[in-house]
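For reference, the structure is listed below as structure tokens.
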Amino acid sequence: MSLDKKFKNWEKNVLDSWLKANPEKKERFKTDAGIDIERLYTPLDLESIGFDYGRDLGWPAEYPFTRGITPTMYRSNPFLVSVYSGFGRPAQCNQRYKKILDWGGVDEIAIAADLPSQMGYDSDNPMAKGEVGRVGVAIDSLRDLEIIFEDIPLNKLKRLSLLGNSLGPIALSLLIALGRKQGLQTSEFVVNLQNDVLKEYVARGTYIFPIRPAVRLTTDVVGYCARHIPHWYPVNICANHIHAAGAGSPKATAFALANGMCYINDLLNKGYQIDEIAPLLTMFLDERSDFFVAICNFRATRRLWARLMKQRLKARDPRSMALKIYAYSHGGETLLEPMNNTVRITLAALAYVLGGVQFLQNASYDEVLGTPSENAAKIAARTQQILAHELGVANTVDPLGGSYFIETLTAQIEKEIEKEFAAVEERGGAIAAIEDGYYTASISEGASRRQREFESGERVSIGVNKYRSESKIPSGAFRIDPGIEAEQVEQLRKTRQQRNSKTVRDTLEYVREVAQGEGNLVEPVLEAVSAYATVGEICDVLRQEFGEYQRREYFKSS
Amino acid sequence: MNRKARILIGKVGLDGHDVGARVVARALADAGMEVIYTGLRQTPQQIVSAALEEAVDAIGISILSGAHLSLLGEVARILDQHRAADIPVVAGGIIPVEDIPALKKIGVREIFLPETPTAKIVEFFKSLISQA
């Protein structure tokens, strides 16, 4: 008897009568993005997707890299344990970082900068009022970074991260210059920048300049690193924020891939070779509402990336085809019963590890309430270490590979991403999809759908819309001392007083000159930063040359 | 109502996460109101200017970064300066509960914390407008 026939018999003889007495809780079981999840997966599903081991999976570290990008994965190189942290004044932040490093087993510090620093406003700018040191540490100039990393040699870390989304060349230059101050060559430490500006216009929001000059800033950083510091990570192409904002993970991954293509095309136009730039690119992937989607999304994206690089972009270097993945573990954190968030975050992290992540960062359970407390940040890091060293989770490569369910879902997600990616391409690519509102509409639609599902109870949040036992919403957000702003402004005044103002003026003029032409901005910005020109001063020059991005939107009933 | 109620949804300060602001804007629009969303990073002055330019009946301000006390205080002050203190202001976002009394004292009519049902926010705006 064929398997198909046997399956039908099972449905008729076993399932039907069972269902009569035990009806399923939902009519449809589906993923956040709407893919139906079946009751049972069997070899028949593999047959229906035309599963071919050699073509679809292959071997680890070989095309199409579905199973992972190294032959031994965590057996040789555990995923990197990263902590996102930063608050207040540089000196306070320095104390916190030292404590974090004393915990042991933390490989990377990702510097959380305050919003004025991310937006290119100095601490004494009126726009910075009330924001200095709030959601991250204040970084006005190189001087602040020197204090933040006092007695913390950068080469003690496996990697050092900074966001720098709208001001990539400034972020890169600050860290190169900081290394020099510590007597380190760029070859002696490793830096990672998020530096992905396109998603800022539709999801995260820290855009400054109009889109085209902003893309130039991002790709100037990638180009500079490709030629001078090829072991650094100059851009992390983000699906995370697009997904979180509402798009759902397949669309978010597709949009991020389209954004990545925009950067790659810009670099190819500038004369770089694909194998010179692709090995430096990483992706920040995300799925928060479905454990198995999180796993399959990584596997599907690795496969798609490899095909995109090899087939379309004619990459030859396997390192160009092997996608390195960065992930931030989140899982629908709630304000009510916030300790439960530890469990949600742990499960998200587990999914990412099972999916073959390279760089892992966990949210803190109290992040939803404000800047993470020290204890919560420590639990987040310890969770990653437990996954790396206890429980056997990291003992074998791609542990779920071959599962009927995982392979079917991986193929379905891959198709979904491909379809959405093609839709963006049809519109003319990422910039067109931002300008014509396609990204925003997709995100808003998803966000409203999630909200409806949450309010109807279809989307469950334990302790909130199911099994609710507390009525009062807790608080206890990490408080920032209001004196910080005044102290930081004073520090900034001192920095301005102690520097050579002629050098600052000259280097800022050099930045302006290059901004007016087409040259790479990293070199002039590095000179300005090294002369202690402030982030705000450099951004002001770029604002004068490039202008600023602004828009007002009108909502009518649909 | 002869004309549709007009609501300004604004984002003051530097925070850039506007999922909540957009969900609320969409819901108010679907409830029959005209909604103008300012976009990110408006100064209190820009919010008030937009509110006056667009002749709105109420202002909703979304804020997540923690700077709610100083920024909402500014909005109230500038509204007052323009003799427009009668335009009701509502706030939503990540705001510690213990700050709520201080915000109400400034004149913020209501503060909606995360996990508030959208329908409740829509109802509150409707009641504000029918009072006007």
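Identifiers in the structure tokens: chain A, B, ... in order shown; residue index from 1 per chain; ligand index from 1 in order shown.
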Those of segment 315-443 of chain A in DSSP helix (DSSP H, G or I), formatted as an mmCIF file with C-alpha atoms, in the first residue's frame:
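File produced: states_7.cif:
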data_model
loop_
_atom_site.group_PDB
_atom_site.id
_atom_site.type_symbol
_atom_site.label_atom_id
_atom_site.label_comp_id
_atom_site.auth_asym_id
_atom_site.auth_seq_id
_atom_site.Cartn_x
_atom_site.Cartn_y
_atom_site.Cartn_z
ATOM 1 C CA PRO A 318 31.889 30.855 -0.691
ATOM 2 C CA ARG A 319 32.220 33.486 2.061
ATOM 3 C CA SER A 320 30.007 35.751 -0.046
ATOM 4 C CA MET A 321 27.323 33.057 -0.135
ATOM 5 C CA ASN A 340 7.500 35.797 32.524
ATOM 6 C CA ASN A 341 9.393 37.642 29.818
ATOM 7 C CA THR A 342 12.489 35.694 30.838
ATOM 8 C CA VAL A 343 10.754 32.549 29.606
ATOM 9 C CA ARG A 344 9.625 34.164 26.375
ATOM 10 C CA ILE A 345 13.123 35.481 25.692
ATOM 11 C CA THR A 346 14.702 32.110 26.498
ATOM 12 C CA LEU A 347 12.458 30.334 24.014
ATOM 13 C CA ALA A 348 13.184 32.906 21.325
ATOM 14 C CA ALA A 349 16.911 32.472 21.954
ATOM 15 C CA LEU A 350 16.553 28.683 21.793
ATOM 16 C CA ALA A 351 14.862 28.964 18.396
ATOM 17 C CA TYR A 352 17.649 31.180 17.102
ATOM 18 C CA VAL A 353 20.296 28.734 18.305
ATOM 19 C CA LEU A 354 18.455 25.829 16.683
ATOM 20 C CA GLY A 355 18.308 27.931 13.505
ATOM 21 C CA GLU A 367 13.260 46.194 28.882
ATOM 22 C CA VAL A 368 9.582 46.791 28.235
ATOM 23 C CA LEU A 369 9.583 48.975 31.370
ATOM 24 C CA GLU A 374 21.758 45.370 35.892
ATOM 25 C CA ASN A 375 20.230 42.190 37.257
ATOM 26 C CA ALA A 376 17.890 41.733 34.292
ATOM 27 C CA ALA A 377 20.749 42.301 31.839
ATOM 28 C CA LYS A 378 22.770 39.671 33.674
ATOM 29 C CA ILE A 379 19.960 37.106 33.444
ATOM 30 C CA ALA A 380 19.748 37.840 29.700
ATOM 31 C CA ALA A 381 23.455 37.102 29.233
ATOM 32 C CA ARG A 382 23.343 34.040 31.489
ATOM 33 C CA THR A 383 20.443 32.658 29.446
ATOM 34 C CA GLN A 384 22.621 32.742 26.350
ATOM 35 C CA GLN A 385 25.448 31.018 28.207
ATOM 36 C CA ILE A 386 23.124 28.308 29.522
ATOM 37 C CA LEU A 387 22.013 27.624 25.958
ATOM 38 C CA ALA A 388 25.634 27.499 24.815
ATOM 39 C CA HIS A 389 26.955 25.202 27.540
ATOM 40 C CA TYR A 404 9.183 16.692 7.837
ATOM 41 C CA PHE A 405 7.744 19.814 9.429
ATOM 42 C CA ILE A 406 10.927 21.905 9.475
ATOM 43 C CA GLU A 407 11.818 21.174 5.860
ATOM 44 C CA THR A 408 8.282 21.839 4.648
ATOM 45 C CA LEU A 409 7.998 25.092 6.573
ATOM 46 C CA THR A 410 11.492 26.177 5.484
ATOM 47 C CA ALA A 411 10.480 25.689 1.854
ATOM 48 C CA GLN A 412 7.172 27.521 2.350
ATOM 49 C CA ILE A 413 8.852 30.467 4.047
ATOM 50 C CA GLU A 414 11.515 30.608 1.355
ATOM 51 C CA LYS A 415 8.789 30.809 -1.296
ATOM 52 C CA GLU A 416 6.968 33.496 0.631
ATOM 53 C CA ILE A 417 10.140 35.588 0.984
ATOM 54 C CA GLU A 418 10.925 35.143 -2.715
ATOM 55 C CA LYS A 419 7.435 36.290 -3.660
ATOM 56 C CA GLU A 420 7.626 39.400 -1.469
ATOM 57 C CA PHE A 421 11.149 40.166 -2.646
ATOM 58 C CA ALA A 422 9.948 40.000 -6.263
ATOM 59 C CA ALA A 423 7.069 42.363 -5.410
ATOM 60 C CA VAL A 424 9.547 44.978 -4.162
ATOM 61 C CA GLU A 425 11.769 44.507 -7.184
ATOM 62 C CA GLU A 426 8.765 44.989 -9.446
ATOM 63 C CA ALA A 430 13.793 49.348 -1.935
ATOM 64 C CA ILE A 431 13.902 53.123 -2.406
ATOM 65 C CA ALA A 432 10.839 53.059 -4.655
ATOM 66 C CA ALA A 433 8.982 50.870 -2.143
ATOM 67 C CA ILE A 434 9.744 53.381 0.617
ATOM 68 C CA GLU A 435 8.782 56.389 -1.467
ATOM 69 C CA TYR A 438 4.449 50.138 -0.057
ATOM 70 C CA TYR A 439 6.633 49.185 2.914
ATOM 71 C CA THR A 440 4.666 51.418 5.288
ATOM 72 C CA ALA A 441 1.304 50.104 4.091
ATOM 73 C CA SER A 442 2.438 46.484 4.538
ATOM 74 C CA ILE A 443 3.723 47.264 8.014
#
Report task. Extract, using only C-alpha atoms, all DNA, RNA and protein residues at most 6 Å from segment 61-68 of chain B, discarding same-chain residues fewer than 5 positions from it, and format them as a list in words. Result -> Gly130 of chain A; Ile9, Gly10, Lys11, Asp15, Ala21, Ala91, Gly92, Gly93 and Ile94 of chain B
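For the choices B:Val12, B:Ala58, B:Leu113, B:Leu72, the atom-to-atom distance to Ser130 of chain B is smallest for B:Ala58 when using only C-alpha atoms.
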Report task. Using only C-alpha atoms, find the residues of chain A whose closest atom to chain B is at most 9 Å away, then write them as a PyMOL selection string. Result -> chain A and resi 115-116+119+127-131+134-135+200+203-207+244-246+334-335+368-370+443-445+447-448+451-452+455+464+473-477+550-558
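Closest approach to Asn265 of chain A among A:Ala327, A:Ile277, A:Cys93, A:Leu46 is made by A:Ile277 (distances from only C-alpha atoms).
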Query raised in the report: Within 12 Å of Asp481 of chain A, counting only C-alpha atoms, which residues qualify if same-chain residues fewer than 3 places away don't, as a PyMOL selection string?
Result: chain A and resi 87-89+92+130-134+478+484-488
Within 10 Å of Ser187 of chain A, counting only C-alpha atoms, which residues show up once you throw out same-chain ones fewer than 6 positions away? Write them as an mmCIF file with N, CA and C atoms, in the first residue's frame, please.
data_model
loop_
_atom_site.group_PDB
_atom_site.id
_atom_site.type_symbol
_atom_site.label_atom_id
_atom_site.label_comp_id
_atom_site.auth_asym_id
_atom_site.auth_seq_id
_atom_site.Cartn_x
_atom_site.Cartn_y
_atom_site.Cartn_z
ATOM 1 N N ASN A 155 40.494 45.210 22.422
ATOM 2 C CA ASN A 155 40.848 43.859 21.960
ATOM 3 C C ASN A 155 40.570 42.795 23.016
ATOM 4 N N GLY A 179 40.217 53.170 18.986
ATOM 5 C CA GLY A 179 41.266 52.155 18.960
ATOM 6 C C GLY A 179 42.645 52.802 18.952
ATOM 7 N N HIS A 228 39.881 48.554 3.546
ATOM 8 C CA HIS A 228 40.861 48.803 4.612
ATOM 9 C C HIS A 228 40.735 47.886 5.826
ATOM 10 N N ILE A 229 39.508 47.474 6.175
ATOM 11 C CA ILE A 229 39.322 46.682 7.405
ATOM 12 C C ILE A 229 38.349 45.530 7.112
ATOM 13 N N PRO A 230 38.736 44.604 6.238
ATOM 14 C CA PRO A 230 37.755 43.615 5.775
ATOM 15 C C PRO A 230 37.285 42.627 6.840
ATOM 16 N N HIS A 231 37.892 42.615 8.021
ATOM 17 C CA HIS A 231 37.396 41.687 9.050
ATOM 18 C C HIS A 231 36.355 42.350 9.963
ATOM 19 N N TRP A 232 36.022 43.598 9.715
ATOM 20 C CA TRP A 232 34.955 44.249 10.495
ATOM 21 C C TRP A 232 33.602 44.011 9.831
#
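Our summary of the geometry notes that atom CA of Ala61 of chain A is positioned 9.0 Å from atom CA of Met73 of chain A.
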**Report entry** Near-Asp56 of chain A list (12 Å; only C-alpha atoms; drop same-chain fewer than 6 positions) as a list in words
**Finding:** Leu46, Ile49, Gly50, Glu62, Tyr63, Pro64, Phe65, Thr66, Arg67, Arg299, Ala300, Arg302, Arg303, Leu304, Ala306, Arg307, Gly401, Gly402, Glu407, Thr408, Thr410, Ala411 and Glu414 of chain A
I need the chosen residues saved as a short mmCIF file (atom, residue, chain, number, x, y, z; two decimals), in the first residue's frame, with C-alpha atoms.
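Output file result-v7.cif is given in full below:
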data_model
loop_
_atom_site.label_atom_id
_atom_site.label_comp_id
_atom_site.auth_asym_id
_atom_site.auth_seq_id
_atom_site.Cartn_x
_atom_site.Cartn_y
_atom_site.Cartn_z
CA LEU A 46 8.56 16.32 1.57
CA ILE A 49 7.67 20.16 -1.99
CA GLY A 50 9.98 18.03 -4.15
CA GLU A 62 28.68 24.31 1.45
CA TYR A 63 26.22 25.80 -0.98
CA PRO A 64 23.34 26.54 -0.36
CA PHE A 65 24.33 26.74 3.34
CA THR A 66 20.88 25.76 4.64
CA ARG A 67 22.38 23.68 7.44
CA ARG A 299 17.41 28.29 7.23
CA ALA A 300 15.32 29.68 4.36
CA ARG A 302 20.58 31.35 4.29
CA ARG A 303 19.49 29.34 1.26
CA LEU A 304 18.00 32.34 -0.52
CA ALA A 306 23.37 31.89 -1.16
CA ARG A 307 21.32 31.61 -4.36
CA GLY A 401 17.36 19.31 9.66
CA GLY A 402 15.37 16.59 7.91
CA GLU A 407 11.82 21.17 5.86
CA THR A 408 8.28 21.84 4.65
CA THR A 410 11.49 26.18 5.48
CA ALA A 411 10.48 25.69 1.85
CA GLU A 414 11.51 30.61 1.36
#
Between segment 43-150 of chain A and segment 156-170 of chain A, at 7 Å or less, what are the per-residue closest atom pairs and their distances in Å? Count only C-alpha atoms, order by chain and rising residue number, and return it as a Markdown table.
| residue | atom | partner | partner_atom | distance |
| --- | --- | --- | --- | --- |
| A:Asp107 | CA | A:Lys158 | CA | 5.1 |
| A:Glu108 | CA | A:Arg159 | CA | 4.8 |
| A:Ile109 | CA | A:Leu160 | CA | 5.4 |
| A:Ala110 | CA | A:Ser161 | CA | 4.2 |
| A:Ile111 | CA | A:Leu162 | CA | 5.2 |
| A:Gln118 | CA | A:Gly164 | CA | 6.4 |
Using N, CA and C atoms, can you export the residues from the last selection as a PDB file, in the first residue's frame?
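Written out: part15.pdb:
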ATOM      1  N   ASP A 107      31.041  38.195  25.215  1.00  0.00           N
ATOM      2  CA  ASP A 107      31.974  38.364  24.095  1.00  0.00           C
ATOM      3  C   ASP A 107      31.903  39.739  23.466  1.00  0.00           C
ATOM      4  N   GLU A 108      30.712  40.321  23.497  1.00  0.00           N
ATOM      5  CA  GLU A 108      30.510  41.566  22.764  1.00  0.00           C
ATOM      6  C   GLU A 108      29.711  42.547  23.606  1.00  0.00           C
ATOM      7  N   ILE A 109      30.130  43.799  23.567  1.00  0.00           N
ATOM      8  CA  ILE A 109      29.289  44.849  24.127  1.00  0.00           C
ATOM      9  C   ILE A 109      28.740  45.650  22.964  1.00  0.00           C
ATOM     10  N   ALA A 110      27.420  45.792  22.957  1.00  0.00           N
ATOM     11  CA  ALA A 110      26.772  46.636  21.961  1.00  0.00           C
ATOM     12  C   ALA A 110      26.404  47.922  22.680  1.00  0.00           C
ATOM     13  N   ILE A 111      27.028  49.000  22.242  1.00  0.00           N
ATOM     14  CA  ILE A 111      26.843  50.273  22.939  1.00  0.00           C
ATOM     15  C   ILE A 111      25.459  50.832  22.627  1.00  0.00           C
ATOM     16  N   GLN A 118      22.227  59.304  18.474  1.00  0.00           N
ATOM     17  CA  GLN A 118      21.821  58.567  17.272  1.00  0.00           C
ATOM     18  C   GLN A 118      21.318  59.496  16.176  1.00  0.00           C
TER      19      GLN A 118
END
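Selecting strand (DSSP E) from the backbone DSSP output for segment 138-343 of chain A yields A:Arg159, A:Leu160, A:Ser161, A:Leu162, A:Val191, A:Asn192, A:Leu193, A:Val235, A:Asn236, A:Ile237, A:Cys238, A:Leu281, A:Thr282, A:Met283, A:Phe284, A:Lys324, A:Ile325, A:Tyr326, A:Ala327, A:Tyr328, A:Ser329.
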Requested in this report: Determine, counting only C-alpha atoms, which protein, DNA and RNA residues have an atom within 12 Å of an atom of Arg459 of chain A; residues of the same chain fewer than 3 positions away are not included. Present the result as JSON, numbers by chain.
Outcome: {"A": [26, 29, 30, 31, 32, 289, 290, 332, 449, 450, 451, 452, 453, 454, 455, 456, 462, 464, 465, 466]}
Requested in this report: Excluding Ala76 of chain B and residues on its chain fewer than 2 positions from it, collect all residues at most 8 Å away from it, counting only C-alpha atoms, and give them as number ranges by chain.
Outcome: B: 72-74, 78-80, 85, 106-107
Can you write out the residues you just picked, keeping N, CA and C atoms, as a JSON list (two decimals), in the first residue's frame?
[["chain", "number", "residue", "atom", "x", "y", "z"],
["B", 72, "LEU", "N", 5.71, 67.13, 27.45],
["B", 72, "LEU", "CA", 4.28, 67.40, 27.54],
["B", 72, "LEU", "C", 4.03, 68.72, 28.27],
["B", 73, "GLY", "N", 4.91, 69.05, 29.19],
["B", 73, "GLY", "CA", 4.83, 70.34, 29.87],
["B", 73, "GLY", "C", 4.98, 71.48, 28.87],
["B", 74, "GLU", "N", 5.94, 71.31, 27.95],
["B", 74, "GLU", "CA", 6.16, 72.31, 26.91],
["B", 74, "GLU", "C", 4.94, 72.47, 26.01],
["B", 78, "ILE", "N", 2.97, 75.96, 25.48],
["B", 78, "ILE", "CA", 2.87, 76.65, 24.19],
["B", 78, "ILE", "C", 1.41, 76.76, 23.73],
["B", 79, "LEU", "N", 0.63, 75.72, 24.01],
["B", 79, "LEU", "CA", -0.81, 75.80, 23.70],
["B", 79, "LEU", "C", -1.42, 76.99, 24.43],
["B", 80, "ASP", "N", -1.06, 77.12, 25.69],
["B", 80, "ASP", "CA", -1.59, 78.19, 26.52],
["B", 80, "ASP", "C", -1.19, 79.56, 25.95],
["B", 85, "ALA", "N", -5.40, 76.46, 24.91],
["B", 85, "ALA", "CA", -5.37, 75.45, 25.97],
["B", 85, "ALA", "C", -6.66, 74.63, 26.01],
["B", 106, "ILE", "N", -0.47, 68.82, 34.79],
["B", 106, "ILE", "CA", -0.11, 69.71, 33.67],
["B", 106, "ILE", "C", -1.33, 69.95, 32.78],
["B", 107, "GLY", "N", -2.29, 69.03, 32.83],
["B", 107, "GLY", "CA", -3.49, 69.21, 32.01],
["B", 107, "GLY", "C", -3.70, 68.12, 30.98]]
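Atom pair atom CA of Ile208 of chain A / atom CA of Lys181 of chain A has a distance of 29.0 Å (rounded to one decimal).
Between atom CA of Val460 of chain A and atom CA of Ile100 of chain B the interatomic distance comes to 28.2 Å.
Comparing B:Ala102, B:Ala51, B:Ile129, B:Pro44 by their smallest distance to Arg77 of chain B, the closest is B:Pro44 (using only C-alpha atoms).
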